[in-house]
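**Student:** Handing over run17.txt, compact mmCIF, C-alpha atoms.
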# COMPACT_ATOMS: atom_id res chain seq x y z
CA MET A 51 103.90 89.34 98.52
CA PHE A 52 106.24 90.17 95.62
CA PHE A 53 109.37 89.95 97.79
CA CYS A 54 108.22 86.64 99.35
CA SER A 55 107.60 85.08 95.93
CA SER A 56 111.30 85.09 95.11
CA LYS A 57 112.36 84.26 98.71
CA PRO A 58 110.17 81.25 99.58
CA GLY A 59 111.60 80.85 103.11
CA LEU A 60 110.62 84.40 104.00
CA SER A 61 106.89 83.66 104.00
CA ARG A 62 107.56 80.96 106.63
CA VAL A 63 109.41 83.52 108.77
CA PHE A 64 106.48 85.95 108.54
CA LEU A 65 103.97 83.20 109.29
CA GLY A 66 106.04 82.13 112.27
CA LEU A 67 106.06 85.72 113.56
CA LEU A 68 102.32 86.18 113.13
CA ASN A 69 100.76 82.84 114.10
CA PHE A 70 101.52 83.00 117.87
CA GLU A 71 102.49 79.30 117.98
CA VAL A 72 106.00 80.06 119.14
CA ALA A 73 107.72 83.43 119.43
CA GLY A 74 105.61 86.02 117.61
CA LEU A 75 105.08 89.74 117.18
CA ARG A 76 103.21 91.11 120.18
CA THR A 77 102.41 94.52 121.62
CA ARG A 78 101.85 95.85 125.14
CA VAL A 79 101.32 99.35 126.55
CA ALA A 80 104.66 100.73 127.74
CA HIS A 81 103.62 101.64 131.31
CA ALA A 82 102.65 98.00 132.03
CA VAL A 83 105.80 96.29 130.80
CA PRO A 84 108.57 95.30 133.25
CA ALA A 85 112.08 96.16 132.12
CA GLY A 86 115.55 97.02 133.32
CA VAL A 87 117.87 95.16 135.66
CA SER A 88 115.41 95.50 138.56
CA GLY A 89 112.40 94.54 136.43
CA LYS A 90 110.58 97.81 137.21
CA VAL A 91 107.11 97.97 135.64
CA GLY A 92 107.13 100.76 133.04
CA GLY A 93 110.90 100.84 133.17
CA LEU A 94 111.26 101.90 129.53
CA VAL A 95 108.96 104.95 129.74
CA GLY A 96 110.82 108.18 128.99
CA MET A 97 113.71 106.36 127.37
CA PRO A 98 114.65 106.86 123.69
CA LEU A 99 113.91 103.72 121.67
CA GLY A 100 117.60 103.24 120.77
CA GLU A 101 118.53 103.16 124.45
CA ALA A 102 115.58 100.93 125.32
CA LEU A 103 116.80 98.35 122.78
CA LEU A 104 119.93 97.87 124.90
CA SER A 105 118.35 98.31 128.32
CA HIS A 106 115.20 96.17 128.48
CA HIS A 107 117.05 93.15 129.91
CA TRP A 108 114.32 90.78 128.75
CA GLY A 109 115.28 87.15 128.65
CA ASN A 110 112.58 85.85 126.30
CA ALA A 111 111.81 88.84 124.09
CA THR A 112 113.39 91.36 121.77
CA LEU A 113 112.10 94.91 121.38
CA VAL A 114 111.60 95.79 117.69
CA GLY A 115 109.61 99.02 117.71
CA VAL A 116 107.14 101.37 119.31
CA ASP A 117 103.77 102.66 118.16
CA ASP A 118 101.43 105.43 119.25
CA ASN A 119 98.59 104.49 121.53
CA ILE A 120 96.30 102.64 119.14
CA LEU A 121 93.26 104.13 120.90
CA ASN A 122 94.36 107.55 119.58
CA HIS A 123 94.30 106.37 115.97
CA PRO A 124 91.38 107.74 113.96
CA VAL A 125 88.59 105.20 113.50
CA ILE A 126 87.90 104.51 109.84
CA THR A 127 84.20 104.12 109.13
CA LYS A 128 82.46 103.50 105.85
CA MET B 288 117.86 83.01 121.51
CA LYS B 289 118.47 85.01 124.67
CA LYS B 290 120.33 87.88 123.10
CA SER B 291 119.44 91.46 122.38
CA MET B 292 119.36 92.58 118.74
CA ALA B 293 122.61 94.47 119.25
CA ARG B 294 124.41 91.43 120.71
CA ALA B 295 122.92 89.19 118.03
CA PHE B 296 125.26 90.80 115.50
CA PHE B 297 128.16 89.15 117.28
CA VAL B 298 126.94 85.55 117.27
CA PRO B 299 129.31 83.22 115.44
CA PRO B 300 128.26 81.52 112.19
CA PRO B 301 126.22 79.48 111.29
CA SER B 302 123.67 81.30 113.45
CA LEU B 303 120.90 83.03 111.55
CA ILE B 304 120.18 86.74 111.84
CA VAL B 305 116.99 88.09 110.33
CA ILE B 306 117.38 91.74 109.34
CA VAL B 307 113.96 93.32 109.64
CA SER B 308 114.73 96.50 107.72
CA LEU B 309 117.05 96.64 104.73
CA PRO B 310 120.01 98.99 105.32
CA THR B 311 119.48 100.85 102.07
CA ILE B 312 115.83 101.51 102.90
CA THR B 313 116.73 102.64 106.42
CA ALA B 314 119.49 104.93 105.11
CA HIS B 315 117.08 106.43 102.57
CA ARG B 316 114.43 107.05 105.23
CA LEU B 317 117.03 108.73 107.44
CA GLN B 318 118.22 110.87 104.54
CA VAL B 319 114.81 112.17 103.58
CA GLY B 320 113.74 112.67 107.18
CA LEU B 321 110.94 110.09 107.08
CA PHE B 322 112.37 108.44 110.17
CA LYS B 323 112.07 111.39 112.54
CA GLY B 324 109.77 110.43 115.38
CA SER B 325 108.04 107.84 113.22
CA PRO B 326 106.32 104.95 114.99
CA GLY B 327 106.37 101.28 113.99
CA ILE B 328 108.90 98.52 113.61
CA CYS B 329 112.52 99.74 113.40
CA SER B 330 111.29 103.28 114.01
CA ASP B 331 113.28 106.38 114.96
CA PRO B 332 115.79 105.34 117.67
CA LYS B 333 115.62 108.85 119.16
CA ARG B 334 111.86 108.67 119.67
CA LYS B 335 111.07 108.83 123.39
CA ILE B 336 108.78 106.12 124.66
CA LEU B 337 105.65 107.63 126.20
CA SER B 338 103.61 106.04 128.97
CA ASP B 339 100.70 105.09 126.71
CA ASP B 340 102.81 104.10 123.69
CA HIS B 341 102.66 100.47 122.63
CA LEU B 342 105.91 98.54 122.62
CA ILE B 343 106.25 96.05 119.74
CA PHE B 344 108.34 93.00 120.54
CA ILE B 345 108.99 89.43 119.47
CA SER B 346 108.35 87.08 122.34
CA ASP B 347 107.09 83.60 123.15
CA THR B 348 104.94 84.98 125.99
CA THR B 349 102.35 87.77 125.95
CA MET B 350 104.38 89.83 128.42
CA PRO B 351 108.20 90.09 128.23
CA GLN B 352 110.02 88.64 131.22
CA VAL B 353 113.13 90.20 132.66
CA SER B 354 115.96 87.68 132.67
CA ALA B 355 117.24 86.37 135.98
CA ASN B 356 120.66 86.79 134.45
CA ALA B 357 119.99 90.20 132.98
CA ALA B 358 123.53 91.38 133.56
CA ASP B 359 124.72 88.56 131.29
CA LEU B 360 122.58 89.55 128.33
CA ILE B 361 124.29 92.81 127.49
CA ASP B 362 127.86 93.50 128.41
CA PHE B 363 128.01 97.14 129.48
CA SER B 364 131.51 96.74 130.93
CA ALA B 365 134.40 98.64 129.42
CA GLU B 366 135.50 95.43 127.65
CA GLY B 367 132.05 94.90 126.19
CA ILE B 368 131.80 98.44 124.87
CA ALA B 369 135.34 98.15 123.51
CA LEU B 370 134.36 94.94 121.70
CA LEU B 371 131.39 96.67 120.10
CA ARG B 372 133.69 99.42 118.83
CA SER B 373 136.70 97.25 117.94
CA ASP B 374 137.88 96.22 114.48
CA GLU B 375 136.89 92.66 115.38
CA GLY B 376 133.38 93.77 116.21
CA GLN B 377 133.10 95.91 113.11
CA THR B 378 134.37 93.03 110.95
CA ALA B 379 131.75 90.72 112.45
CA LYS B 380 129.08 93.26 111.55
CA ALA B 381 130.48 93.74 108.06
CA LYS B 382 130.04 90.01 107.44
CA VAL B 383 126.30 90.45 107.79
CA VAL B 384 125.70 91.60 104.23
CA LEU B 385 123.04 90.80 101.72
CA LYS B 386 123.95 87.99 99.37
CA SER B 387 125.07 89.36 96.03
CA ARG B 388 122.42 88.94 93.33
CA ALA B 389 125.06 87.47 91.04
CA LEU B 390 125.13 84.38 93.28
CA LEU B 391 121.36 83.89 93.28
CA GLU B 392 119.53 81.28 91.21
CA GLU B 393 117.82 81.98 87.92
CA LYS B 394 114.04 81.90 88.50
CA HIS B 395 110.98 82.44 86.35
CA MET B 396 107.96 84.12 87.87
CA LEU B 397 104.38 84.69 86.73
CA VAL B 398 102.32 87.72 87.73
CA ALA B 399 98.68 87.00 86.82
CA GLY B 400 96.37 90.02 86.96
CA TRP B 401 96.94 93.74 87.14
CA ARG B 402 96.34 96.63 89.52
CA MET B 403 94.79 99.78 88.06
CA GLN B 404 96.87 101.84 90.50
CA TRP B 405 99.93 100.84 88.47
CA ASP B 406 98.49 102.67 85.43
CA MET B 407 98.25 105.88 87.44
CA ASP B 408 101.68 105.48 89.02
CA PRO B 409 103.99 103.22 86.96
CA LEU B 410 106.78 103.67 89.53
CA ARG B 411 104.69 101.61 91.97
CA PHE B 412 104.68 98.74 89.50
CA ARG B 413 108.43 99.15 89.08
CA ALA B 414 108.87 99.08 92.88
CA ARG B 415 106.96 95.75 93.15
CA ILE B 416 109.11 94.13 90.46
CA ALA B 417 112.26 95.61 92.06
CA ASP B 418 111.22 93.99 95.38
CA MET B 419 110.98 90.68 93.61
CA ALA B 420 114.30 91.21 91.82
CA LEU B 421 116.16 91.14 95.15
CA GLY B 422 115.72 87.36 95.13
CA LEU B 423 116.22 86.70 91.43
CA GLY B 424 119.57 85.81 89.89
CA PRO B 425 120.87 86.69 86.41
CA GLY B 426 118.78 85.32 83.55
CA SER B 427 115.54 85.43 85.55
CA THR B 428 112.26 86.46 83.99
CA VAL B 429 108.99 87.93 85.24
CA THR B 430 106.01 87.29 82.97
CA CYS B 431 102.92 89.47 83.39
CA MET B 432 99.71 87.87 82.19
CA ASN B 433 96.87 90.36 81.99
CA MET B 434 94.34 91.94 79.68
CA LYS B 435 96.40 95.07 79.25
CA VAL B 436 96.38 95.48 75.48
CA THR B 437 95.79 98.40 73.17
CA GLU B 438 92.12 98.10 72.18
CA SER B 439 92.54 99.28 68.58
CA THR B 440 95.58 97.21 67.61
CA GLY B 441 95.64 94.49 70.26
CA ASP B 442 99.40 94.96 70.76
CA ASN B 443 101.20 95.55 74.03
CA LYS B 444 101.82 99.29 73.59
CA ALA B 445 99.80 99.91 76.74
CA MET B 446 102.28 97.74 78.64
CA ALA B 447 105.21 99.46 76.91
CA ASP B 448 103.97 102.82 78.22
CA ILE B 449 104.26 101.46 81.77
CA CYS B 450 107.70 99.97 81.06
CA ASP B 451 109.15 103.20 79.68
CA SER B 452 112.78 104.21 80.23
CA LYS B 453 111.66 107.17 82.36
CA PHE B 454 110.19 104.64 84.83
CA GLY B 455 113.39 102.58 85.00
CA TRP B 456 113.00 100.04 82.21
CA GLU B 457 114.94 99.43 79.02
CA ALA B 458 113.46 97.73 75.97
CA VAL B 459 115.24 94.54 74.90
CA GLU B 460 115.60 93.69 71.20
CA THR B 461 114.44 90.12 71.68
CA GLY B 462 111.23 91.39 73.28
CA GLY B 463 110.30 92.54 76.74
CA TRP B 464 111.85 95.07 79.06
CA ARG B 465 114.76 94.79 81.47
CA LEU B 466 114.56 96.37 84.92
CA MET B 467 117.26 99.02 85.38
CA ALA B 468 119.31 99.36 88.56
CA ILE B 469 119.49 102.57 90.61
CA ASP B 470 122.91 104.20 90.97
CA SER B 471 124.21 106.17 93.94
CA GLN B 472 122.85 109.41 92.46
CA GLY B 473 119.33 107.94 92.24
CA GLY B 474 119.40 107.61 88.44
CA PHE B 475 118.54 104.52 86.39
CA VAL B 476 121.43 102.50 84.93
CA SER B 477 121.46 99.44 82.73
CA ASP B 478 122.24 96.16 84.53
CA GLU B 479 122.41 92.87 82.61
CA THR B 480 121.82 90.82 85.78
CA MET B 481 118.38 92.35 86.34
CA PRO B 482 115.31 90.26 85.44
CA LEU B 483 113.57 90.54 82.10
CA LEU B 484 109.89 91.47 82.12
CA MET B 485 107.68 89.89 79.48
CA HIS B 486 104.03 90.49 78.70
CA PHE B 487 101.54 87.77 77.80
CA PRO B 488 98.12 89.21 76.90
CA GLY B 489 95.31 87.06 78.21
CA ASN B 490 92.71 86.58 80.90
CA PRO B 491 94.21 84.53 83.77
CA ILE B 492 90.83 82.91 84.54
CA ASN B 493 90.44 81.73 80.98
CA VAL B 494 91.54 78.07 80.64
CA PRO B 495 92.84 78.28 77.01
CA SER B 496 94.90 81.39 77.90
CA VAL B 497 96.46 79.66 80.93
CA GLN B 498 97.07 76.51 78.88
CA ALA B 499 98.80 78.62 76.22
CA ILE B 500 101.18 80.28 78.65
CA LEU B 501 101.95 77.12 80.64
CA SER B 502 102.69 75.20 77.46
CA LYS B 503 105.33 77.78 76.50
CA HIS B 504 106.87 78.59 79.89
CA THR B 505 107.69 76.90 83.17
CA PHE B 506 107.38 79.05 86.27
CA CYS B 507 108.88 78.73 89.75
CA SER B 508 106.17 80.82 91.45
CA ALA B 509 103.02 82.65 90.49
CA ILE B 510 101.55 85.78 92.04
CA ILE B 511 97.79 85.92 91.62
CA ILE B 512 96.25 89.38 91.78
CA GLY B 513 92.49 89.63 92.11
CA SER B 514 92.12 93.01 90.42
CA SER B 515 91.85 93.34 86.67
CA ALA B 516 93.35 95.71 84.09
CA VAL B 517 89.99 96.44 82.46
CA ILE B 518 87.41 96.65 85.25
CA ASN B 519 87.42 97.91 88.83
CA LEU B 520 86.04 94.94 90.77
CA PRO B 521 84.56 95.04 94.29
CA ALA B 522 86.49 93.24 97.05
CA SER B 523 84.27 90.12 97.06
CA ALA B 524 84.65 89.72 93.29
CA ARG B 525 88.44 90.07 93.60
CA ASP B 526 88.49 87.24 96.17
CA THR B 527 86.41 85.05 93.86
CA ARG B 528 88.70 85.88 90.97
CA VAL B 529 91.80 84.87 92.96
CA MET B 530 90.19 81.51 93.80
CA GLN B 531 89.17 81.00 90.17
CA MET B 532 92.69 81.74 88.94
CA ALA B 533 94.21 79.35 91.49
CA LEU B 534 91.79 76.58 90.46
CA VAL B 535 92.43 77.16 86.75
CA CYS B 536 96.22 77.06 87.28
CA VAL B 537 95.97 73.81 89.31
CA ASN B 538 93.61 72.24 86.76
CA VAL B 539 95.82 73.15 83.79
CA ALA B 540 99.00 72.08 85.59
CA LEU B 541 97.50 68.69 86.55
CA SER B 542 96.34 68.02 82.99
CA SER B 543 99.69 69.08 81.55
CA PRO B 544 102.07 66.31 80.39
CA LYS B 545 104.91 68.25 82.03
CA SER B 546 105.74 67.44 85.64
CA THR B 547 104.62 70.38 87.79
CA HIS B 548 105.18 70.87 91.49
CA LEU B 549 102.03 72.20 93.14
CA ALA B 550 102.09 73.66 96.63
CA ARG B 551 98.50 73.86 97.91
I'd like the structure from this file rewritten - as structure tokens, please.
**Tutor:**
Amino acid sequence: MFFCSSKPGLSRVFLGLLNFEVAGLRTRVAHAVPAGVSGKVGGLVGMPLGEALLSHHWGNATLVGVDDNILNHPVITK
Amino acid sequence: MKKSMARAFFVPPPSLIVIVSLPTITAHRLQVGLFKGSPGICSDPKRKILSDDHLIFISDTTMPQVSANAADLIDFSAEGIALLRSDEGQTAKAKVVLKSRALLEEKHMLVAGWRMQWDMDPLRFRARIADMALGLGPGSTVTCMNMKVTESTGDNKAMADICDSKFGWEAVETGGWRLMAIDSQGGFVSDETMPLLMHFPGNPINVPSVQAILSKHTFCSAIIIGSSAVINLPASARDTRVMQMALVCVNVALSSPKSTHLAR
């Protein structure tokens, strides 16, 4: 919020990434995602992230990170 | 843009590259070991992807699609690798630098409200203002409007305690405090181009207080914080307070004789 206030265009970039209207931030479980030259499903499993960034061969997407299985995250209850 | 992030560094101007993580932050995280195995965006490049990990990507479809011309996307040939390592390639990367603050515009910002967490950890307050300072040119100001005053005397000593030199601020003779820069050793150093922080005691949902500040200053942007310096409000009350502040600001700005741009 503080950073965006002095960089007005940045809030539009974030909104564009989050609103799913065009290209946006998305997540999928690694074993279900096709990747590599042959498009093998789960092709990035076992690969270091740095190598995966150069080897996914996606035409319409860019890999930006990896997260633990969200089902393993502790559930916060009040 | 059908290019990988690595290849994107070699696109000719005037193409736009959005850097997700600032180099200084990344370097700091690497240095202190925070990066090791960490998940998330721009996480540890050595982290191995497990079968049930979740890949985070930017895409216009819900599932990434392998390009029919995959071999064209990344050049793994000897020439391509040589280009990545060449002086030409390194020069292209070196051109992707953050714009110097000295070239940025002078802006005046308002921060209405206060977070009690900043009293407990003044460095968090400093970090928020430092975030903002990345986009502010020389001569810029940040004005904090809140009820943070010393009860007995009504002065701004309570604010001065937060803006102490040990937390990276220097007092300015004309009033207010200037944010100090951080040198390569991690110490605070004086920097005249950094924004000046000023304090305006008052309740941001009080119309006369808002009229008083808007009659004296013109702001480019305002940050409205729902929490208060004097009472710990529940979440619903903070939401209401944000809406009240926004309405008061709009009302005062519309009734002001000065021309004010309102983005609603």
**Student:** Compile a residue-level contact table for chain A against chain B at a cut-off of 6 Å, reporting for every qualifying residue the shortest atom pair and its distance in Å to one decimal, with only C-alpha atoms counted, rows ordered by chain and ascending number, as JSON lines.
**Tutor:**
{"residue": "A:Phe52", "atom": "CA", "partner": "B:Met419", "partner_atom": "CA", "distance": 5.2}
{"residue": "A:Phe53", "atom": "CA", "partner": "B:Met419", "partner_atom": "CA", "distance": 4.5}
{"residue": "A:Ser56", "atom": "CA", "partner": "B:Gly422", "partner_atom": "CA", "distance": 5.0}
{"residue": "A:Lys57", "atom": "CA", "partner": "B:Gly422", "partner_atom": "CA", "distance": 5.8}
{"residue": "A:Val72", "atom": "CA", "partner": "B:Asp347", "partner_atom": "CA", "distance": 5.5}
{"residue": "A:Ala73", "atom": "CA", "partner": "B:Asp347", "partner_atom": "CA", "distance": 3.8}
{"residue": "A:Gly74", "atom": "CA", "partner": "B:Ile345", "partner_atom": "CA", "distance": 5.1}
{"residue": "A:Leu75", "atom": "CA", "partner": "B:Ile345", "partner_atom": "CA", "distance": 4.5}
{"residue": "A:Arg76", "atom": "CA", "partner": "B:Phe344", "partner_atom": "CA", "distance": 5.5}
{"residue": "A:Thr77", "atom": "CA", "partner": "B:Ile343", "partner_atom": "CA", "distance": 4.5}
{"residue": "A:Arg78", "atom": "CA", "partner": "B:His341", "partner_atom": "CA", "distance": 5.3}
{"residue": "A:Val79", "atom": "CA", "partner": "B:His341", "partner_atom": "CA", "distance": 4.3}
{"residue": "A:Ala80", "atom": "CA", "partner": "B:His341", "partner_atom": "CA", "distance": 5.5}
{"residue": "A:His81", "atom": "CA", "partner": "B:Ser338", "partner_atom": "CA", "distance": 5.0}
{"residue": "A:Gly89", "atom": "CA", "partner": "B:Val353", "partner_atom": "CA", "distance": 5.8}
{"residue": "A:Val95", "atom": "CA", "partner": "B:Ile336", "partner_atom": "CA", "distance": 5.2}
{"residue": "A:Gly96", "atom": "CA", "partner": "B:Ile336", "partner_atom": "CA", "distance": 5.2}
{"residue": "A:Met97", "atom": "CA", "partner": "B:Lys335", "partner_atom": "CA", "distance": 5.4}
{"residue": "A:Pro98", "atom": "CA", "partner": "B:Lys335", "partner_atom": "CA", "distance": 4.1}
{"residue": "A:Leu99", "atom": "CA", "partner": "B:Pro332", "partner_atom": "CA", "distance": 4.7}
{"residue": "A:Gly100", "atom": "CA", "partner": "B:Pro332", "partner_atom": "CA", "distance": 4.2}
{"residue": "A:His107", "atom": "CA", "partner": "B:Ala357", "partner_atom": "CA", "distance": 5.2}
{"residue": "A:Trp108", "atom": "CA", "partner": "B:Val353", "partner_atom": "CA", "distance": 4.1}
{"residue": "A:Gly109", "atom": "CA", "partner": "B:Ser354", "partner_atom": "CA", "distance": 4.1}
{"residue": "A:Asn110", "atom": "CA", "partner": "B:Ser346", "partner_atom": "CA", "distance": 5.9}
{"residue": "A:Ala111", "atom": "CA", "partner": "B:Ser346", "partner_atom": "CA", "distance": 4.3}
{"residue": "A:Thr112", "atom": "CA", "partner": "B:Ile345", "partner_atom": "CA", "distance": 5.3}
{"residue": "A:Leu113", "atom": "CA", "partner": "B:Phe344", "partner_atom": "CA", "distance": 4.3}
{"residue": "A:Val114", "atom": "CA", "partner": "B:Phe344", "partner_atom": "CA", "distance": 5.2}
{"residue": "A:Gly115", "atom": "CA", "partner": "B:Ile328", "partner_atom": "CA", "distance": 4.2}
{"residue": "A:Val116", "atom": "CA", "partner": "B:Leu342", "partner_atom": "CA", "distance": 4.5}
{"residue": "A:Asp117", "atom": "CA", "partner": "B:Pro326", "partner_atom": "CA", "distance": 4.7}
{"residue": "A:Asp118", "atom": "CA", "partner": "B:Asp340", "partner_atom": "CA", "distance": 4.8}
{"residue": "A:Asn119", "atom": "CA", "partner": "B:Asp340", "partner_atom": "CA", "distance": 4.8}
**Student:** Take the residues that were just selected and, keeping C-alpha atoms, output them as a compact mmCIF listing (two decimals), in the frame of the given file.
**Tutor:**
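Below you can see part20.txt, which holds the result:
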# COMPACT_ATOMS: atom_id res chain seq x y z
CA PHE A 52 106.24 90.17 95.62
CA PHE A 53 109.37 89.95 97.79
CA SER A 56 111.30 85.09 95.11
CA LYS A 57 112.36 84.26 98.71
CA VAL A 72 106.00 80.06 119.14
CA ALA A 73 107.72 83.43 119.43
CA GLY A 74 105.61 86.02 117.61
CA LEU A 75 105.08 89.74 117.18
CA ARG A 76 103.21 91.11 120.18
CA THR A 77 102.41 94.52 121.62
CA ARG A 78 101.85 95.85 125.14
CA VAL A 79 101.32 99.35 126.55
CA ALA A 80 104.66 100.73 127.74
CA HIS A 81 103.62 101.64 131.31
CA GLY A 89 112.40 94.54 136.43
CA VAL A 95 108.96 104.95 129.74
CA GLY A 96 110.82 108.18 128.99
CA MET A 97 113.71 106.36 127.37
CA PRO A 98 114.65 106.86 123.69
CA LEU A 99 113.91 103.72 121.67
CA GLY A 100 117.60 103.24 120.77
CA HIS A 107 117.05 93.15 129.91
CA TRP A 108 114.32 90.78 128.75
CA GLY A 109 115.28 87.15 128.65
CA ASN A 110 112.58 85.85 126.30
CA ALA A 111 111.81 88.84 124.09
CA THR A 112 113.39 91.36 121.77
CA LEU A 113 112.10 94.91 121.38
CA VAL A 114 111.60 95.79 117.69
CA GLY A 115 109.61 99.02 117.71
CA VAL A 116 107.14 101.37 119.31
CA ASP A 117 103.77 102.66 118.16
CA ASP A 118 101.43 105.43 119.25
CA ASN A 119 98.59 104.49 121.53
**Student:** Box for region 67-82 of chain A: with edges along x, y and z, all listed atoms inside and 3 Å added on each side, what are the centre and edge lengths in Å to one decimal, as lines of an AutoDock Vina configuration file?
**Tutor:**
center_x = 104.2
center_y = 90.5
center_z = 122.6
size_x = 13.0
size_y = 28.3
size_z = 24.9
**Student:** Expressed in Å to a single decimal, how great is the separation between CA of Ile492 (chain B) and CA of Ala445 (chain B)?
**Tutor:**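 Result for CA of Ile492 (chain B) versus CA of Ala445 (chain B): 20.7 Å, one decimal.
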**Student:** Would you work out the distance separating CA of Leu391 (chain B) from CA of Ser471 (chain B), expressed in Å to one decimal?
**Tutor:**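 Pair CA of Leu391 (chain B) / CA of Ser471 (chain B) returns 22.5 Å.
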